[in-house]
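Structure record follows, encoded as structure tokens.
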Amino acid sequence: MKKATIPEENRSLSQGNITTPTPASKAPSKIARVLEHMLYDGSLIRFEAERLGDHCLHSTISSLANGYGLKFERQLERVPNHWGEPCTVTRYTLPDSERRRAVNVLLMLSKPLKQRQKVAA
């Protein structure tokens with residue numbers, strides 16, 4: 001018995017048509033989204049970083065600090081967790097003295113991987 005086939009233009013994604021339009025440019029990486037937020041919108045705590053798709057903010061901050069030489073101010077805060085109970089979190093802020101370096105890092109992160117160069121320390 002021969003299998004029935006559905007014309008490709010009528011196939012849904014569940015039926016094997018996996019061709020999707022590609023965006024003109026790729027979405028920014030998680031580290032770039034966090035850095036851009038820090039530059040233009042201020043500080044972040046881990047719960048606020050969730051909106052940017054970052055589920056482990058302290059690791060992202062560590063990558064920015066150790067990999068790109070950025071320095072962050074850290075301030076402990078008490079905020080309610082998802083159940084309303086108070087918990088201690090760290091608020092990360094980019095000081096004014098680091099803004100120029102952060103802009104350079106963000107510009108570098110926006111380039112394709114092959115075109116990236118190390119940011120001068």
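How things are named: the first chain in the structure tokens is A, the next is B, and so on; residues count from 1 in each chain; ligands count from 1 in the order shown.
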Task: Members of region 51-88 of chain A assigned strand (DSSP E) by DSSP, as a VMD selection string - done: chain A and resid 73 to 80 86 to 88
Open item on the list: Between A:Tyr92, A:His82, A:His37, A:Ser43, which residue has the minimum interatomic distance to Ile61 (chain A), considering only C-alpha atoms?
Closed with: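 For Ile61 (chain A), the nearest of the given residues is A:Tyr92.
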Open item on the list: Given only C-alpha atoms as the basis, pick out the residue of A:Glu85, A:Asp54, A:Asp96, A:Glu73 nearest to Tyr40 (chain A).
Closed with: A:Asp96
Task: region 45-53 of chain A surroundings by only C-alpha atoms, 12 Å radius, close-in-sequence under 2 positions cut, as JSON, numbers by chain - done: {"A": [27, 28, 29, 30, 31, 32, 33, 34, 35, 36, 37, 38, 41, 42, 43, 55, 56, 57, 58, 59, 60, 61, 73, 74, 75, 76, 77, 78, 79, 80, 81, 82, 87, 88, 89, 90, 91, 92, 93]}
Open item on the list: One number please: CA of Val103 (chain A) to CA of Leu39 (chain A), in Å, one decimal.
Closed with: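 Straight-line distance from CA of Val103 (chain A) to CA of Leu39 (chain A) works out to 7.7 Å.
Picture a line from CA of Leu106 (chain A) to CA of Tyr68 (chain A); it runs 10.2 Å.
As for CA of Ala65 (chain A) and CA of Pro112 (chain A), they are spaced 21.2 Å apart.
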Task: Nearest to Ser97 (chain A), chosen from A:Phe72, A:Gly84, A:Ser110, A:Lys26, with only C-alpha atoms counted in the distances - done: A:Phe72
